[in-house]
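Step one of this worksheet: look at the structure below.
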Amino acid sequence: MEIPYNSTARPDTGLYNGKVGIWLFLASEIMLFGAVFSGYVLLRVGADPGIWSMGLMNKWVGAFNTLILIASSATIVLAWVSLKLKDWAGYRKWKIATVIFASLFLIVKWSYEWPAKFTHYDITFKSDEKAVEVFSDPDFLGKDYEAKLKEVWHKRFDRDEKDWDKVDLKDKPLDGHIVGYYTKNDDGTEEHHPVGEAFGLSFWSHALAWRYDERNEGRVTGAKRDTFLKRGIVAIDFEPAHGTWPAPRHAHAGAIRYAELKGGSKHDGDDHSAHHHSLRIEKSQISRLSSYEPAHSTFFATYYTLTGLHALHVFGGILVMLYHLLPVSRRVYEADPERFTNRIEITGLFWHFVDLVWIFLFPILYLL
Amino acid sequence: MPMADNHSPEYYKGPFKRIIWIVGAILIAGTIASFTVDYIYAEELTFKQALYFGLGIACIKATAVILYFMHLLWDIKFKTISLTLASTVLFFIGMMWLTVGSEVDSVKPGQDDTTWLHGAQKDIKFKGDKSPADPTQTQ
Amino acid sequence: METTTQTEAARHDHHESKEGHGHGHQHFLTKYVFSSDHKVIGIQYGVTSLVFLMIGFLLIMAMRWQIANPGESIPVMGAVLENIYAHNNTGESVFKDGVMSADAYNQFGAMHGTIMVFLAIVPLGFAAFGNYIVPLQIGAPDMCFPRINMASFWAFFAGCTVMTVSFFIPGGAAQAGWTSYSPLASVIPTDGQTYWLIGMILLITSSLLGAVNFIATIIQLRSPGMTWFRMPFFVWAQFVTAFLLLLAFPPLEAAGIMQLMDRVCDTSFFLPSGVFDTGSTPMAVSGGGSPLLWQHLFWFLGHPEVYVLILPAIGIVAEILCNSARRPLWGYKVMVGSVLVLGFLSFIVWAHHMYLTGMSAKVATFFQTTTMIISIPSVILLTCLFMTLWKGSIRFTTASLFALAFLPMFGIGGLTGLPLGFSFTDLHLHDSYYVIAHFHYVVAPGSIFALLAGIYYWFPKMTGRRMNEYWGKVHFWGSLIFMNIIFMPMFIQGFAGLSRRMSDGGATYSLLQNPDVTSGALSDLIIKLNEYITTGAFGMFLIQIVFVINFFYSIRHGEKVNGDNPAESTTLEWQAPTPPPHGNFDTPPEVHGEPYAYSLPGANSDFTPQTEKNRPETA
Ligand code: HEM
Ligand SMILES: [Cu+2]
């Protein structure tokens, strides 16, 4: 038994089956992404000042990935056109190009963009005084810390510069990387631990590993994952992000050792280790510490959900396109070129949709 | 008899390839434009301006993709599908307005809730009500 | 691409060369288990969903026992449950000494709702009947994408498995109700909710695949002459249902993904700032989320979902009533129009489930208005069905009895919905047993009766044998009586203020336990009704045994039917061989007329099949 209209259009509807199917599928996809978008709008409109932390997005990466995806969209049309012209070699060429672009997109996202966020931490403080203590540290921002803080904060949360007064100083985060931590021994002495390597990879000892929330303190049940509680940490070595903050002038012991570990110079003040200078921040000063993981804030939750969902679509698309490059597909093509061309057209439609979603994700997640 | 598309192979060899390059160029230009404008003018633009600009460019790009890459322009179902898409967008905007609206209290502080009162009733004062704020005196 | 294809040519497609399936000697696995034949898949769906209908019913039986006899151990099953059922977080059985604890009640309640809606009625009405009947009724050889159809079933099956397994994991199944409102659902420490979400995502995937398939099939595979307005009403109902599933389910999928993120990655999509769970400090989450977002996304699915539960049922009833009244469907085109309008409107009424969330009055007004407007097409549908009976000479078979009983039962359910659609009456009735009674009248004596009618009606087509009429009628009258015994008193309880989801059946708020309270306590009568309802539920259980036995007995030993069209019906499924082979029709049927040509003046018999060429002049 054969299903009619698999490769030829039904006269009265003018469409072959696959095309009807794919447009219907895309309609449901629109609803899926539309729902997450609507969540984005609702959460953003309802967000209190100082929550929607998007000023720190890496726009270069976003733009780069947009260009890659656009290129892949163009190449998949070219692949389809080649098939229309019965040119298998051309099809292969363009299809492989598409797969390469698509994979590049995922590689950039999953091996660079996300991991960079997972190692990037935000600290908010127990009280305004403690925040001032840290920011106005003479080694860090000094007496007139406010100007710099204001600049950074406006860039991150408040491009219209109208909410500065609405958010307490203690809730204005300091971002950077954790390079070491201190624990207290039973005899009262402190021990310093560099954050170095785990599983032989320096990445994992920074990424996602750290989380602290003062509200977990003293909780019996329902405490969320909390590294400070588990390890008995009293303070951390924190290196403010270079892109945003000036490097602290003084380096702590831990930072130097971290530099050594990374093969840097041992000498304090030496040029090479300058960017490893760090601040010592007491646990008693911290209210919340979180990397830029989904749990960080509703902004990052939305960001990961939207881009993650999108990346899964890209991944699925890659699998299908690889299948269309296998010898089996070649045989299908030879048996019925028109039907195979239709399949490629359908894959293309899906792929363009994935591109479309990204066209909207780029401005709403990176630029606005 | 209508077919999915009735372009000749010549069309795909020549004009269509040109279209692909043109659309690709539009998309790239759009991306670069929105990126650079954001990069250079991020400080000057208000959020609203950035929003209109960013989404405006995105819409132009999206239209180009839909019309040419997804070749809706010469697809037999152009009308059906594009009308559906357009009404989806309208529906989305309408429903977002409603849901966001449902969270925003329609009565501003200091204003009387007269939603369920009609005509002369609006002047009725309930026992224990504070006299309604005089709109000329607030602020 | 420049060829103009003739219908005939397309039928016999260009792939003769490719393969000639050997249908005769297929392996058992490919024929009955991993089959892509729409009829086999339909039956797979049917059997699975009937099993879950039974499970869902057993869950509620246990709950009813608890409500009627708080603190007493459940006879027989109590001991079994204590031994096999999951323990709670502290390692204690939730069925200690065979008594259902509040935890267990919550789990059973949430899973009763979930199973009944997503694992029983929808797959039975939409997937099972739709799969089996729709391609036959439009004269197609199969579904448009047979392999996607198979994938749809197996995704459904995986979802069912996850849901079932969740009963037996430590901590037990989901407890936050079938609506899974956050923050509660996000913060419950047991894993049941996580399983629920994963199960739902699988089920939704399955529905989406199914919906795409149905719509594409109806658009593309109608046989020659089967124009849009020659399609049986059942096909129209399934068409609209498929659109509802296609467009309404994805938002729930999105919401499910977000809740999963909340539970697994500690995000705060649905957790507002400063939310507490246990203890005196707020939870250590970022906050900033919106519990209302969940409700919006859930009910954006939820309302269309109720039409998914009811439209296939109305479609089945329309088929059976025409057939048994030997009359054309009254106002066929009006009904088609109504069902389309209904489908559209069902997307803009969802917030009538949320009047108590404190939405602004203007928005509430919008949703009240749309809710009242949507009741119009529903009433039109019901009226047309009633009018179909007018002057008919009705054949009272079991199928037609169930279909007939559907009308008043659905009517009661629909009319009692109106007070829930106004925000000022809903303030009192919301979350009470009145709501339970209302929607059960729609889905239990409503949808279920229609689905049972469908089973009795199409059984001969599927098996070549009839189910026993006598026992069928016993089943019908028993079900009708017990259904009403169960659900009618719930209206009274609801008016009196009995809340739903109370594991003690309201005893805490009864006059018995609060003798000093002057007003507002539940009277003895209201509490007493609990026992009465539970008795009804047990009666209901017993009478279903008759059905189960009749069903299985008749598959092998039922009375054989003569010919392919024992129901003397006009629609195409009865023109196919019985039971239809893979590929359905020997030759593609050609359609020459309307679907319900019963009792045409001047015709040879009181039915004129759609394939009949020589039709009397007027219709
Ligand atoms: C004749 C069989 C049935 C009986 C006796 C029955 C009884 C009940 C009762 C008493 C409740 C309220 C439990 C509570 O609030 O504590 C309930 C809830 C519910 N039932 Fe049924 N039911 C039946 C069939 C169905 C069917 C066929 C559906 C299909 C849609 C269904 C869907 C639901 C839902 C969605 C809930 C709400 C669950 C929740 O609170 O989250 N029931 N049922
Ligand atoms: Cu509703």
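Each chain of the structure tokens is named A, B, ... in the order shown, its residues numbered from 1; ligands are numbered from 1 in display order.
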Report as a compact mmCIF listing (two decimals) with N, CA and C atoms, in the first residue's frame all protein, DNA and RNA residues lying within 12 Å of Gln49 in chain B, evaluated on only C-alpha atoms, omitting residues in the same chain fewer than 6 positions from it.
# COMPACT_ATOMS: atom_id res chain seq x y z
N ARG A 159 19.32 50.76 31.60
CA ARG A 159 19.89 51.64 30.59
C ARG A 159 19.24 53.00 30.59
N ASP A 160 18.03 53.10 31.14
CA ASP A 160 17.39 54.42 31.18
C ASP A 160 17.80 55.22 32.41
N LEU A 367 20.60 42.37 23.07
CA LEU A 367 20.72 43.81 22.81
C LEU A 367 19.85 44.69 23.69
N LEU A 368 18.64 44.21 24.03
CA LEU A 368 17.72 45.14 24.69
C LEU A 368 17.97 45.23 26.18
N VAL B 37 24.66 49.62 16.01
CA VAL B 37 23.88 50.68 16.64
C VAL B 37 23.88 50.48 18.15
N ASP B 38 23.69 49.20 18.54
CA ASP B 38 23.69 48.94 19.98
C ASP B 38 25.07 49.23 20.57
N TYR B 41 25.59 53.32 20.22
CA TYR B 41 24.64 54.24 20.82
C TYR B 41 23.96 53.69 22.07
N ALA B 42 24.49 52.60 22.61
CA ALA B 42 23.81 51.97 23.74
C ALA B 42 23.49 52.98 24.83
N GLU B 43 24.39 53.93 25.04
CA GLU B 43 24.19 54.90 26.11
C GLU B 43 23.05 55.87 25.78
N LEU B 55 13.58 45.21 17.43
CA LEU B 55 12.52 44.35 16.92
C LEU B 55 12.18 44.70 15.47
N GLY B 56 12.31 45.98 15.14
CA GLY B 56 12.04 46.39 13.77
C GLY B 56 12.97 45.67 12.80
Any chance you could tabulate, as JSON lines, the residues of chain C at most 9 Å from ligand 2 with each one's nearest atom pair and distance in Å to one decimal, using only C-alpha atoms and all ligand atoms, in chain and rising number order?
{"residue": "C:Trp299", "atom": "CA", "partner": "ligand 2", "partner_atom_place_in_ligand_line": "1 (Cu)", "distance": 7.3}
{"residue": "C:Phe300", "atom": "CA", "partner": "ligand 2", "partner_atom_place_in_ligand_line": "1 (Cu)", "distance": 8.8}
{"residue": "C:Gly302", "atom": "CA", "partner": "ligand 2", "partner_atom_place_in_ligand_line": "1 (Cu)", "distance": 6.6}
{"residue": "C:His303", "atom": "CA", "partner": "ligand 2", "partner_atom_place_in_ligand_line": "1 (Cu)", "distance": 4.0}
{"residue": "C:Pro304", "atom": "CA", "partner": "ligand 2", "partner_atom_place_in_ligand_line": "1 (Cu)", "distance": 7.3}
{"residue": "C:Glu305", "atom": "CA", "partner": "ligand 2", "partner_atom_place_in_ligand_line": "1 (Cu)", "distance": 8.4}
{"residue": "C:Val306", "atom": "CA", "partner": "ligand 2", "partner_atom_place_in_ligand_line": "1 (Cu)", "distance": 7.0}
{"residue": "C:Tyr307", "atom": "CA", "partner": "ligand 2", "partner_atom_place_in_ligand_line": "1 (Cu)", "distance": 9.0}
{"residue": "C:Ser346", "atom": "CA", "partner": "ligand 2", "partner_atom_place_in_ligand_line": "1 (Cu)", "distance": 7.8}
{"residue": "C:Val349", "atom": "CA", "partner": "ligand 2", "partner_atom_place_in_ligand_line": "1 (Cu)", "distance": 6.4}
{"residue": "C:Trp350", "atom": "CA", "partner": "ligand 2", "partner_atom_place_in_ligand_line": "1 (Cu)", "distance": 5.3}
{"residue": "C:Ala351", "atom": "CA", "partner": "ligand 2", "partner_atom_place_in_ligand_line": "1 (Cu)", "distance": 7.5}
{"residue": "C:His352", "atom": "CA", "partner": "ligand 2", "partner_atom_place_in_ligand_line": "1 (Cu)", "distance": 6.1}
{"residue": "C:His353", "atom": "CA", "partner": "ligand 2", "partner_atom_place_in_ligand_line": "1 (Cu)", "distance": 6.0}
{"residue": "C:Thr371", "atom": "CA", "partner": "ligand 2", "partner_atom_place_in_ligand_line": "1 (Cu)", "distance": 8.1}
{"residue": "C:Gly421", "atom": "CA", "partner": "ligand 2", "partner_atom_place_in_ligand_line": "1 (Cu)", "distance": 8.3}
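Within 7 Å of range 229-233 of chain A there are A:Tyr181, A:Tyr182, A:Thr183, A:Asp226, A:Thr227, A:Ala235, counting only C-alpha atoms and ignoring same-chain residues fewer than 2 positions away.
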Export N, CA and C atoms of the chosen residues as a PDB file, in the first residue's frame?
ATOM      1  N   TYR A 181      39.589  29.795  48.297  1.00  0.00           N
ATOM      2  CA  TYR A 181      38.694  29.932  49.435  1.00  0.00           C
ATOM      3  C   TYR A 181      39.423  29.559  50.712  1.00  0.00           C
ATOM      4  N   TYR A 182      38.890  30.014  51.855  1.00  0.00           N
ATOM      5  CA  TYR A 182      39.513  29.786  53.150  1.00  0.00           C
ATOM      6  C   TYR A 182      38.585  28.953  54.017  1.00  0.00           C
ATOM      7  N   THR A 183      39.160  27.971  54.673  1.00  0.00           N
ATOM      8  CA  THR A 183      38.378  27.231  55.663  1.00  0.00           C
ATOM      9  C   THR A 183      39.033  27.412  57.023  1.00  0.00           C
ATOM     10  N   ASP A 226      24.201  24.064  48.473  1.00  0.00           N
ATOM     11  CA  ASP A 226      24.922  25.177  49.081  1.00  0.00           C
ATOM     12  C   ASP A 226      26.335  24.745  49.416  1.00  0.00           C
ATOM     13  N   THR A 227      27.316  25.239  48.660  1.00  0.00           N
ATOM     14  CA  THR A 227      28.695  24.791  48.840  1.00  0.00           C
ATOM     15  C   THR A 227      29.308  25.289  50.139  1.00  0.00           C
ATOM     16  N   ALA A 235      35.734  32.437  53.948  1.00  0.00           N
ATOM     17  CA  ALA A 235      35.952  33.570  53.051  1.00  0.00           C
ATOM     18  C   ALA A 235      36.364  33.048  51.687  1.00  0.00           C
TER      19      ALA A 235
END
Worksheet item: Which protein, DNA or RNA residues have an atom within 7 Å of ligand 1, counting only C-alpha atoms and all ligand atoms, as a ChimeraX atom specification?
Response: /C:57,60-61,64,109-110,112-114,116-117,121,177-179,436,440,443-444,448,483,486,500-503,537
Worksheet, complete the sentence: One decimal place gives the CA of Thr48 in chain C-CA of Pro141 in chain C separation as 24.2 Å
Using only C-alpha atoms, I'd like a table of the residues in range 7-110 of chain B that come within 10 Å of range 72-96 of chain A; for each, show the closest atom pair and its distance in Å rounded to one decimal, ordered by chain and ascending number, as a Markdown table.
| residue | atom | partner | partner_atom | distance |
| --- | --- | --- | --- | --- |
| B:Ser8 | CA | A:Leu85 | CA | 9.7 |
| B:Pro9 | CA | A:Leu85 | CA | 6.2 |
| B:Glu10 | CA | A:Leu85 | CA | 8.8 |
| B:Tyr12 | CA | A:Val81 | CA | 6.3 |
| B:Lys13 | CA | A:Leu85 | CA | 7.6 |
| B:Phe16 | CA | A:Val81 | CA | 8.6 |
| B:Lys17 | CA | A:Leu78 | CA | 7.5 |
| B:Ile20 | CA | A:Ala74 | CA | 6.5 |
| B:Trp21 | CA | A:Ala74 | CA | 7.7 |
| B:Val23 | CA | A:Ala74 | CA | 8.4 |
| B:Gly24 | CA | A:Ala74 | CA | 6.3 |
| B:Ala25 | CA | A:Ala74 | CA | 10.0 |
| B:Leu27 | CA | A:Ala74 | CA | 9.9 |
| B:Val65 | CA | A:Ser73 | CA | 8.6 |
| B:Tyr68 | CA | A:Val77 | CA | 9.5 |
| B:Phe69 | CA | A:Val77 | CA | 6.5 |
| B:Met70 | CA | A:Val77 | CA | 8.5 |
| B:His71 | CA | A:Val77 | CA | 9.6 |
Item to complete: Do me a favour and pick out the residues of chain C within 6 Å of chain A, using only C-alpha atoms, as a PyMOL selection string.
Response: chain C and resi 10-11+13+212+216+246-247+250-251+254+266-267+284+286+583
